[in-house]
$ cat final18.cif   # mmCIF, C-alpha atoms
data_final
#
loop_
_atom_site.label_atom_id
_atom_site.label_comp_id
_atom_site.auth_asym_id
_atom_site.auth_seq_id
_atom_site.Cartn_x
_atom_site.Cartn_y
_atom_site.Cartn_z
CA MET A 109 -131.86 -146.41 -200.08
CA ALA A 110 -132.09 -142.65 -200.61
CA LEU A 111 -132.49 -141.59 -204.21
CA ALA A 112 -130.59 -138.63 -205.67
CA ASP A 113 -132.53 -135.69 -207.03
CA PRO A 114 -130.76 -134.72 -210.30
CA GLN A 115 -131.52 -131.04 -209.66
CA LEU A 116 -129.94 -131.07 -206.21
CA GLY A 117 -126.75 -133.06 -206.71
CA ILE A 118 -125.47 -136.04 -204.68
CA SER A 119 -127.81 -137.36 -202.01
CA ASN A 120 -126.60 -138.81 -198.73
CA GLY A 121 -128.55 -141.45 -196.86
CA ALA A 122 -127.25 -140.09 -193.53
CA GLU A 123 -128.92 -136.78 -194.28
CA SER A 124 -132.09 -138.18 -195.78
CA ALA A 125 -134.17 -136.03 -193.41
CA SER A 126 -132.96 -132.91 -195.19
CA PRO A 127 -134.39 -131.97 -198.58
CA PHE A 128 -130.94 -130.71 -199.60
CA SER A 129 -128.17 -132.84 -201.07
CA GLU A 130 -124.90 -133.44 -199.24
CA ILE A 131 -122.93 -131.44 -201.85
CA ILE A 132 -124.19 -127.92 -202.55
CA GLU A 133 -123.26 -125.75 -205.53
CA LEU A 134 -123.51 -121.99 -205.03
CA ASN A 135 -123.31 -119.05 -207.42
CA VAL A 136 -122.28 -116.05 -205.35
CA GLY A 137 -122.14 -112.90 -207.45
CA GLY A 138 -120.96 -114.90 -210.47
CA GLN A 139 -118.37 -116.97 -208.57
CA VAL A 140 -119.08 -120.69 -208.23
CA TYR A 141 -118.47 -122.52 -204.95
CA VAL A 142 -118.94 -126.21 -204.09
CA THR A 143 -119.27 -127.17 -200.44
CA ARG A 144 -121.09 -129.48 -198.03
CA HIS A 145 -124.54 -128.85 -196.68
CA THR A 146 -123.18 -129.27 -193.14
CA THR A 147 -120.68 -126.45 -193.76
CA LEU A 148 -123.40 -123.99 -194.75
CA ILE A 149 -125.41 -124.70 -191.59
CA ALA A 150 -122.40 -124.72 -189.24
CA VAL A 151 -123.50 -121.52 -187.44
CA PRO A 152 -127.02 -121.74 -186.00
CA ASP A 153 -129.34 -118.77 -186.61
CA SER A 154 -127.10 -117.42 -189.37
CA LEU A 155 -128.59 -116.47 -192.74
CA LEU A 156 -127.21 -119.53 -194.51
CA TRP A 157 -128.43 -121.76 -191.67
CA SER A 158 -131.93 -120.34 -192.08
CA MET A 159 -131.84 -120.74 -195.86
CA PHE A 160 -130.70 -124.36 -195.84
CA THR A 161 -132.68 -125.65 -192.84
CA LYS A 162 -135.95 -123.70 -192.73
CA LYS A 163 -136.55 -123.48 -196.48
CA THR A 164 -136.88 -126.04 -199.25
CA PRO A 165 -134.77 -126.13 -202.43
CA ARG A 166 -137.71 -124.84 -204.46
CA GLU A 167 -137.95 -121.70 -202.33
CA LEU A 168 -134.36 -120.60 -203.00
CA ALA A 169 -133.22 -118.63 -206.03
CA ARG A 170 -131.32 -120.59 -208.71
CA ASP A 171 -129.20 -119.59 -211.68
CA SER A 172 -129.62 -121.00 -215.20
CA LYS A 173 -127.60 -124.12 -214.28
CA GLY A 174 -129.55 -124.90 -211.14
CA ARG A 175 -126.99 -123.57 -208.63
CA TYR A 176 -128.28 -121.69 -205.59
CA PHE A 177 -127.77 -117.97 -206.24
CA LEU A 178 -126.67 -115.29 -203.76
CA ASP A 179 -126.37 -111.70 -204.95
CA ARG A 180 -123.33 -110.84 -202.83
CA ASP A 181 -119.59 -110.21 -203.29
CA GLY A 182 -118.38 -113.46 -204.83
CA PHE A 183 -114.70 -112.88 -204.08
CA LEU A 184 -115.13 -112.10 -200.38
CA PHE A 185 -117.42 -115.11 -199.93
CA ARG A 186 -114.33 -117.33 -200.02
CA TYR A 187 -113.46 -116.00 -196.54
CA ILE A 188 -117.03 -116.50 -195.31
CA LEU A 189 -116.88 -120.11 -196.46
CA ASP A 190 -113.44 -120.64 -194.88
CA TYR A 191 -114.82 -119.39 -191.57
CA LEU A 192 -117.81 -121.76 -191.75
CA ARG A 193 -115.56 -124.79 -192.28
CA ASP A 194 -113.82 -124.62 -188.88
CA LEU A 195 -115.03 -121.35 -187.31
CA ASN A 196 -111.58 -119.85 -187.74
CA LEU A 197 -110.25 -117.34 -190.25
CA VAL A 198 -106.76 -116.33 -191.34
CA LEU A 199 -106.54 -113.31 -193.64
CA PRO A 200 -103.55 -112.33 -195.81
CA ASP A 201 -101.13 -109.73 -194.46
CA TYR A 202 -102.19 -106.14 -195.19
CA PHE A 203 -105.68 -107.33 -196.15
CA PRO A 204 -107.30 -104.24 -197.77
CA GLU A 205 -110.94 -105.36 -197.70
CA LYS A 206 -111.53 -105.84 -193.97
CA SER A 207 -114.38 -103.34 -193.74
CA ARG A 208 -116.09 -104.91 -196.76
CA LEU A 209 -115.65 -108.40 -195.28
CA GLN A 210 -117.17 -107.17 -192.01
CA ARG A 211 -120.17 -105.92 -193.98
CA GLU A 212 -120.53 -109.37 -195.60
CA ALA A 213 -120.30 -111.03 -192.17
CA GLU A 214 -123.08 -108.77 -190.92
CA PHE A 215 -125.24 -109.66 -193.92
CA PHE A 216 -124.77 -113.40 -193.33
CA GLN A 217 -125.51 -112.81 -189.60
CA LEU A 218 -122.20 -114.24 -188.39
CA ARG A 219 -121.93 -112.36 -185.09
CA ASP A 220 -118.70 -113.92 -183.87
CA LEU A 221 -116.95 -113.18 -187.16
CA CYS A 222 -118.14 -109.56 -186.97
CA LYS A 223 -116.51 -109.25 -183.54
CA ARG A 224 -113.24 -110.70 -184.83
CA LEU A 225 -113.17 -108.18 -187.66
CA SER A 226 -113.76 -105.18 -185.38
CA PRO A 227 -110.76 -102.79 -185.02
CA LYS A 228 -110.23 -103.47 -181.30
CA MET A 229 -109.36 -107.10 -181.89
CA SER A 230 -106.38 -108.46 -179.91
CA LYS A 231 -103.05 -108.91 -181.68
CA ASP A 232 -102.72 -112.59 -180.80
CA ASN A 233 -105.76 -113.37 -182.95
CA SER A 234 -105.16 -114.89 -186.37
CA ILE A 235 -106.90 -112.02 -188.16
CA ASN A 236 -104.60 -109.10 -188.89
CA ASP A 237 -105.72 -106.07 -186.88
CA GLU A 238 -103.75 -103.49 -188.87
CA ILE A 239 -106.00 -100.71 -190.16
CA CYS A 240 -105.63 -100.45 -193.93
CA PRO A 241 -106.04 -97.19 -195.88
CA SER A 242 -109.21 -98.58 -197.45
CA ASP A 243 -110.76 -98.74 -193.96
CA SER A 244 -110.17 -95.05 -193.16
CA GLU A 245 -113.81 -94.08 -193.54
CA ASP A 246 -115.07 -96.87 -191.27
CA THR A 247 -112.42 -96.07 -188.67
CA ALA A 248 -113.42 -92.41 -188.65
CA LEU A 249 -117.09 -93.25 -188.23
CA GLN A 250 -116.36 -95.62 -185.35
CA SER A 251 -114.32 -92.89 -183.70
CA ALA A 252 -117.23 -90.49 -184.11
CA MET A 253 -119.44 -93.02 -182.30
CA GLY A 254 -117.08 -93.05 -179.32
CA SER A 255 -114.97 -96.15 -179.90
CA SER A 256 -112.57 -96.57 -176.97
CA SER A 257 -109.91 -98.21 -179.13
CA VAL A 258 -109.25 -95.15 -181.30
CA CYS A 259 -107.98 -91.88 -179.82
CA MET A 260 -109.91 -89.47 -182.00
CA ASP A 261 -112.83 -87.28 -180.94
CA THR A 262 -115.99 -86.67 -182.97
CA SER A 263 -114.83 -83.52 -184.71
CA ARG A 264 -111.56 -85.11 -185.84
CA ALA A 265 -113.45 -88.19 -187.05
CA LEU A 266 -115.78 -86.12 -189.21
CA SER A 267 -112.78 -84.23 -190.54
CA ALA A 268 -111.11 -87.52 -191.47
CA VAL A 269 -114.20 -88.62 -193.39
CA SER A 270 -114.32 -85.40 -195.40
CA THR A 271 -110.58 -85.60 -196.04
CA ALA A 272 -110.91 -89.14 -197.42
CA HIS A 273 -113.29 -87.80 -200.08
CA SER A 274 -111.59 -84.50 -200.80
CA PRO A 275 -110.79 -84.27 -204.54
CA SER A 276 -108.07 -81.71 -203.89
CA LEU A 277 -106.14 -84.10 -201.64
CA GLU A 278 -106.79 -87.14 -203.82
CA SER A 279 -105.36 -85.28 -206.80
CA LYS A 280 -102.05 -84.96 -204.96
CA LYS A 281 -101.50 -88.71 -205.13
CA SER A 282 -99.29 -88.78 -208.18
CA GLY A 283 -98.67 -91.89 -210.23
CA TYR A 284 -99.12 -93.76 -213.48
CA ILE A 285 -101.86 -96.05 -214.75
CA THR A 286 -101.45 -98.07 -217.95
CA ILE A 287 -104.55 -99.11 -219.89
CA GLY A 288 -104.14 -102.00 -222.32
CA TYR A 289 -106.57 -103.69 -224.67
CA ARG A 290 -106.52 -106.43 -227.25
CA GLY A 291 -108.97 -105.93 -230.08
CA SER A 292 -109.76 -107.25 -233.53
CA TYR A 293 -111.58 -106.18 -236.66
CA THR A 294 -112.21 -107.63 -240.11
CA ILE A 295 -111.84 -105.93 -243.49
CA GLY A 296 -113.55 -107.69 -246.38
CA ARG A 297 -112.98 -107.39 -250.10
CA ASP A 298 -115.32 -104.41 -250.26
CA ILE A 299 -114.01 -102.22 -247.45
CA GLN A 300 -117.04 -99.95 -247.39
CA THR A 301 -119.63 -102.69 -246.95
CA ASP A 302 -117.81 -105.65 -245.43
CA ALA A 303 -115.85 -103.97 -242.64
CA LYS A 304 -116.57 -105.35 -239.16
CA PHE A 305 -115.57 -102.77 -236.62
CA ARG A 306 -113.29 -103.33 -233.69
CA ARG A 307 -114.14 -105.82 -230.96
CA VAL A 308 -112.43 -105.21 -227.61
CA ALA A 309 -111.95 -108.47 -225.75
CA ARG A 310 -110.78 -107.06 -222.42
CA ILE A 311 -109.36 -103.81 -221.02
CA THR A 312 -106.51 -104.38 -218.55
CA VAL A 313 -105.34 -102.00 -215.83
CA CYS A 314 -101.73 -101.88 -214.63
CA GLY A 315 -100.37 -99.71 -211.81
CA LYS A 316 -100.60 -99.14 -208.07
CA THR A 317 -103.58 -100.90 -206.52
CA SER A 318 -104.79 -97.86 -204.55
CA LEU A 319 -104.82 -95.64 -207.67
CA ALA A 320 -106.64 -98.25 -209.76
CA LYS A 321 -109.37 -98.64 -207.10
CA GLU A 322 -109.66 -94.88 -206.66
CA VAL A 323 -110.32 -94.30 -210.35
CA PHE A 324 -112.38 -97.33 -211.38
CA GLY A 325 -114.09 -98.34 -208.12
CA ASP A 326 -116.70 -101.08 -208.56
CA THR A 327 -116.02 -101.33 -212.30
CA LEU A 328 -112.59 -102.84 -211.52
CA ASN A 329 -112.42 -106.64 -211.62
CA GLU A 330 -109.86 -107.89 -209.09
CA SER A 331 -110.54 -111.61 -209.45
CA ARG A 332 -107.06 -112.45 -210.79
CA ASP A 333 -105.26 -110.58 -207.96
CA PRO A 334 -107.77 -110.24 -205.08
CA ASP A 335 -105.41 -109.78 -202.10
CA ARG A 336 -103.03 -107.15 -203.46
CA PRO A 337 -102.09 -104.55 -200.76
CA PRO A 338 -103.00 -100.90 -201.57
CA GLU A 339 -99.41 -99.70 -202.06
CA ARG A 340 -98.27 -102.62 -204.23
CA TYR A 341 -98.39 -102.75 -208.02
CA THR A 342 -100.37 -105.13 -210.20
CA SER A 343 -100.78 -105.93 -213.88
CA ARG A 344 -103.64 -108.41 -213.45
CA TYR A 345 -106.68 -106.17 -212.99
CA TYR A 346 -109.19 -105.62 -215.79
CA LEU A 347 -112.39 -103.65 -216.26
CA LYS A 348 -115.96 -104.92 -216.25
CA PHE A 349 -116.81 -102.89 -219.36
CA ASN A 350 -115.39 -102.91 -222.90
CA PHE A 351 -115.45 -99.24 -223.92
CA LEU A 352 -112.06 -97.56 -224.00
CA GLU A 353 -113.66 -94.12 -224.00
CA GLN A 354 -115.39 -94.94 -220.72
CA ALA A 355 -112.03 -95.75 -219.16
CA PHE A 356 -110.55 -92.53 -220.55
CA ASP A 357 -113.45 -90.50 -219.14
CA LYS A 358 -112.88 -91.93 -215.66
CA LEU A 359 -109.15 -91.24 -215.79
CA THR A 360 -109.76 -87.65 -216.93
CA GLU A 361 -112.30 -87.15 -214.15
CA PHE A 362 -109.64 -88.03 -211.56
CA GLY A 363 -107.01 -85.71 -213.04
CA PHE A 364 -105.01 -88.14 -215.20
CA ARG A 365 -103.76 -87.25 -218.68
CA MET A 366 -102.34 -89.44 -221.44
CA VAL A 367 -98.56 -89.21 -221.79
CA ALA A 368 -97.69 -92.14 -224.08
CA CYS A 369 -99.21 -94.78 -226.35
CA SER A 370 -97.89 -97.82 -228.20
CA SER A 371 -99.52 -100.43 -230.41
CA THR A 372 -98.72 -103.62 -232.30
CA GLY A 373 -100.83 -105.49 -234.83
CA THR A 374 -101.00 -108.69 -236.85
CA CYS A 375 -103.04 -109.75 -239.84
CA ALA A 376 -104.31 -113.17 -240.84
CA TYR A 377 -106.93 -114.72 -243.09
CA SER A 378 -110.06 -116.08 -241.44
CA SER A 379 -109.51 -119.31 -243.39
CA ASN A 380 -106.96 -120.89 -245.75
CA ASP A 381 -108.68 -119.27 -248.70
CA PRO A 382 -106.82 -116.03 -249.60
CA ASN A 383 -110.07 -114.68 -251.04
CA GLU A 384 -111.65 -114.68 -247.59
CA ASP A 385 -111.70 -111.69 -245.23
CA LYS A 386 -108.58 -110.55 -243.42
CA VAL A 387 -108.71 -110.40 -239.60
CA TRP A 388 -106.57 -107.75 -237.93
CA THR A 389 -105.60 -108.18 -234.28
CA SER A 390 -103.98 -105.41 -232.29
CA TYR A 391 -102.67 -104.81 -228.78
CA THR A 392 -102.47 -101.22 -227.58
CA GLU A 393 -101.30 -99.62 -224.33
CA TYR A 394 -102.11 -96.09 -223.16
CA VAL A 395 -100.07 -94.58 -220.32
CA PHE A 396 -101.80 -92.00 -218.09
CA CYS A 397 -100.13 -89.82 -215.48
CA ARG A 398 -101.26 -87.62 -212.60
CA GLU A 399 -98.60 -85.32 -211.19
#
$ encode --input "final18.cif" --output "structure tokens"
Amino acid sequence: MALADPQLGISNGAESASPFSEIIELNVGGQVYVTRHTTLIAVPDSLLWSMFTKKTPRELARDSKGRYFLDRDGFLFRYILDYLRDLNLVLPDYFPEKSRLQREAEFFQLRDLCKRLSPKMSKDNSINDEICPSDSEDTALQSAMGSSSVCMDTSRALSAVSTAHSPSLESKKSGYITIGYRGSYTIGRDIQTDAKFRRVARITVCGKTSLAKEVFGDTLNESRDPDRPPERYTSRYYLKFNFLEQAFDKLTEFGFRMVACSSTGTCAYSSNDPNEDKVWTSYTEYVFCRE
């Protein structure tokens, strides 16, 4: 009978020849996934196949809890894993991250998936072939390389790339972004010595998806609303940092200015003893506009 290695998970007698357990836990960019060993090695010669067939568990990077660690986009890996399960992939309508997903497929050496994500994919395929605004740069570059599926010559392609990054044109995209944060601070009996300054738990971002991504880029956490189309609105994004001034600096850099602000607050004792410190909790929203 095969014995289970407590560091690897559940062992399977049918796969006793493999040093890996049947159930594999992965930490991909901070996102945890649990899958079968057979799923990870479903595509021969892929990166995951090489990792989990040609290497031993001791050779692979682990996080503090013993999960195998991959320093890649944790949210897009869900689509990589879906593809490995049955070699098919269905993306949401108006999927805005197709170019990024294609980059992940290239990294994991999934050649067939890369072909399916290319712009000249047929319409009867399950993957949506509509070109999203977020893919404009990749489309222009492919046109410059002579792609037969896009009717744009090299000079127009280079022009499109420069246009996508032109601050003067980006500034014409008017709209509103609301920044909200919930913070707390404590004031003791001796205000001068006992005050504990504000602690910001999380900074939220509300507004049109395309504007939020334009301003905050990689510092925007989309985990609670990952498939939102560029022209739709969301109130579920938040920032990966906790400094309001950093958010304000980014908004100012992209031509936004504050037009309104509102705040509410509550006060409570840290314990039932009225002689203990008072804890103040506040929620504040700042509305920014670019005309």
$ resolve_selection --input "final18.cif" --expression "the PyMOL selection byres ((chain A and resi 342-356) around 8)" --output "list in words"
Val308, Ala309, Arg310, Ile311, Thr312, Val313, Cys314, Gly315, Lys316, Thr317, Phe324, Thr327, Leu328, Asn329, Glu330, Ser331, Arg332, Asp333, Arg336, Arg340, Tyr341, Asp357, Lys358, Leu359 and Thr360 of chain A
$ atom_distance --input "final18.cif" --atom1 "CA of Lys206 (chain A)" --atom2 "CA of Phe183 (chain A)"
12.7 Å
$ resolve_selection --input "final18.cif" --expression "the PyMOL selection byres ((chain A and resi 369) around 9)" --output "PyMOL selection string"
chain A and resi 366-368+370-371+392-395
$ write_last_selection --input "final18.cif" --atoms "C-alpha atoms" --output "compact mmCIF listing (two decimals), in the coordinates of the input"
# COMPACT_ATOMS: atom_id res chain seq x y z
CA MET A 366 -102.34 -89.44 -221.44
CA VAL A 367 -98.56 -89.21 -221.79
CA ALA A 368 -97.69 -92.14 -224.08
CA SER A 370 -97.89 -97.82 -228.20
CA SER A 371 -99.52 -100.43 -230.41
CA THR A 392 -102.47 -101.22 -227.58
CA GLU A 393 -101.30 -99.62 -224.33
CA TYR A 394 -102.11 -96.09 -223.16
CA VAL A 395 -100.07 -94.58 -220.32
$ atom_distance --input "final18.cif" --atom1 "CA of Arg186 (chain A)" --atom2 "CA of Val198 (chain A)"
11.6 Å
$ atom_distance --input "final18.cif" --atom1 "CA of Asp171 (chain A)" --atom2 "CA of Asp326 (chain A)"
22.6 Å
$ closest_residue --input "final18.cif" --among "A:Tyr191, A:Glu339, A:Leu197, A:Glu133" --to "Lys173 (chain A)" --atoms "all atoms listed in the file"
A:Glu133
$ closest_residue --input "final18.cif" --among "A:Lys386, A:Tyr293, A:Tyr284, A:Pro337" --to "Tyr202 (chain A)" --atoms "all atoms listed in the file"
A:Pro337
$ residues_around --input "final18.cif" --residues "Arg219 (chain A)" --least-positions-apart "6" --cutoff "10 Å" --atoms "all atoms listed in the file" --output "list in words"
Val151, Asp153, Ser154, Gln210 and Ala213 of chain A
$ closest_residue --input "final18.cif" --among "A:Gly182, A:Pro165, A:Pro204, A:Pro152" --to "Gln217 (chain A)" --atoms "all atoms listed in the file"
A:Pro152
$ resolve_selection --input "final18.cif" --expression "the PyMOL selection byres ((chain A and resi 155-164) around 12)" --output "ChimeraX atom specification"
/A:116,123,125-130,132,134,144-154,165-169,176-178,188-189,192,212-219
$ write_last_selection --input "final18.cif" --atoms "C-alpha atoms" --output "PDB file, keeping the file's coordinate frame"
ATOM      1  CA  LEU A 116    -129.940-131.070-206.210  1.00  0.00           C
ATOM      2  CA  GLU A 123    -128.920-136.780-194.280  1.00  0.00           C
ATOM      3  CA  ALA A 125    -134.170-136.030-193.410  1.00  0.00           C
ATOM      4  CA  SER A 126    -132.960-132.910-195.190  1.00  0.00           C
ATOM      5  CA  PRO A 127    -134.390-131.970-198.580  1.00  0.00           C
ATOM      6  CA  PHE A 128    -130.940-130.710-199.600  1.00  0.00           C
ATOM      7  CA  SER A 129    -128.170-132.840-201.070  1.00  0.00           C
ATOM      8  CA  GLU A 130    -124.900-133.440-199.240  1.00  0.00           C
ATOM      9  CA  ILE A 132    -124.190-127.920-202.550  1.00  0.00           C
ATOM     10  CA  LEU A 134    -123.510-121.990-205.030  1.00  0.00           C
ATOM     11  CA  ARG A 144    -121.090-129.480-198.030  1.00  0.00           C
ATOM     12  CA  HIS A 145    -124.540-128.850-196.680  1.00  0.00           C
ATOM     13  CA  THR A 146    -123.180-129.270-193.140  1.00  0.00           C
ATOM     14  CA  THR A 147    -120.680-126.450-193.760  1.00  0.00           C
ATOM     15  CA  LEU A 148    -123.400-123.990-194.750  1.00  0.00           C
ATOM     16  CA  ILE A 149    -125.410-124.700-191.590  1.00  0.00           C
ATOM     17  CA  ALA A 150    -122.400-124.720-189.240  1.00  0.00           C
ATOM     18  CA  VAL A 151    -123.500-121.520-187.440  1.00  0.00           C
ATOM     19  CA  PRO A 152    -127.020-121.740-186.000  1.00  0.00           C
ATOM     20  CA  ASP A 153    -129.340-118.770-186.610  1.00  0.00           C
ATOM     21  CA  SER A 154    -127.100-117.420-189.370  1.00  0.00           C
ATOM     22  CA  PRO A 165    -134.770-126.130-202.430  1.00  0.00           C
ATOM     23  CA  ARG A 166    -137.710-124.840-204.460  1.00  0.00           C
ATOM     24  CA  GLU A 167    -137.950-121.700-202.330  1.00  0.00           C
ATOM     25  CA  LEU A 168    -134.360-120.600-203.000  1.00  0.00           C
ATOM     26  CA  ALA A 169    -133.220-118.630-206.030  1.00  0.00           C
ATOM     27  CA  TYR A 176    -128.280-121.690-205.590  1.00  0.00           C
ATOM     28  CA  PHE A 177    -127.770-117.970-206.240  1.00  0.00           C
ATOM     29  CA  LEU A 178    -126.670-115.290-203.760  1.00  0.00           C
ATOM     30  CA  ILE A 188    -117.030-116.500-195.310  1.00  0.00           C
ATOM     31  CA  LEU A 189    -116.880-120.110-196.460  1.00  0.00           C
ATOM     32  CA  LEU A 192    -117.810-121.760-191.750  1.00  0.00           C
ATOM     33  CA  GLU A 212    -120.530-109.370-195.600  1.00  0.00           C
ATOM     34  CA  ALA A 213    -120.300-111.030-192.170  1.00  0.00           C
ATOM     35  CA  GLU A 214    -123.080-108.770-190.920  1.00  0.00           C
ATOM     36  CA  PHE A 215    -125.240-109.660-193.920  1.00  0.00           C
ATOM     37  CA  PHE A 216    -124.770-113.400-193.330  1.00  0.00           C
ATOM     38  CA  GLN A 217    -125.510-112.810-189.600  1.00  0.00           C
ATOM     39  CA  LEU A 218    -122.200-114.240-188.390  1.00  0.00           C
ATOM     40  CA  ARG A 219    -121.930-112.360-185.090  1.00  0.00           C
TER      41      ARG A 219
END
$ closest_residue --input "final18.cif" --among "A:Thr286, A:Cys375, A:Val140, A:Arg365" --to "Gly174 (chain A)" --atoms "only C-alpha atoms"
A:Val140
$ closest_residue --input "final18.cif" --among "A:Leu209, A:Gly291, A:Val387, A:Gly283" --to "Arg180 (chain A)" --atoms "all atoms listed in the file"
A:Leu209
$ residues_near_point --input "final18.cif" --point "(-103.5, -94.2, -207.9)" --cutoff "10 Å" --atoms "all atoms listed in the file" --output "list in words"
Glu278, Ser279, Lys280, Lys281, Ser282, Gly283, Tyr284, Ile285, Gly315, Lys316, Thr317, Ser318, Leu319, Ala320, Lys321, Glu322, Val323, Pro338, Glu339, Tyr341, Phe362, Phe364, Cys397 and Arg398 of chain A
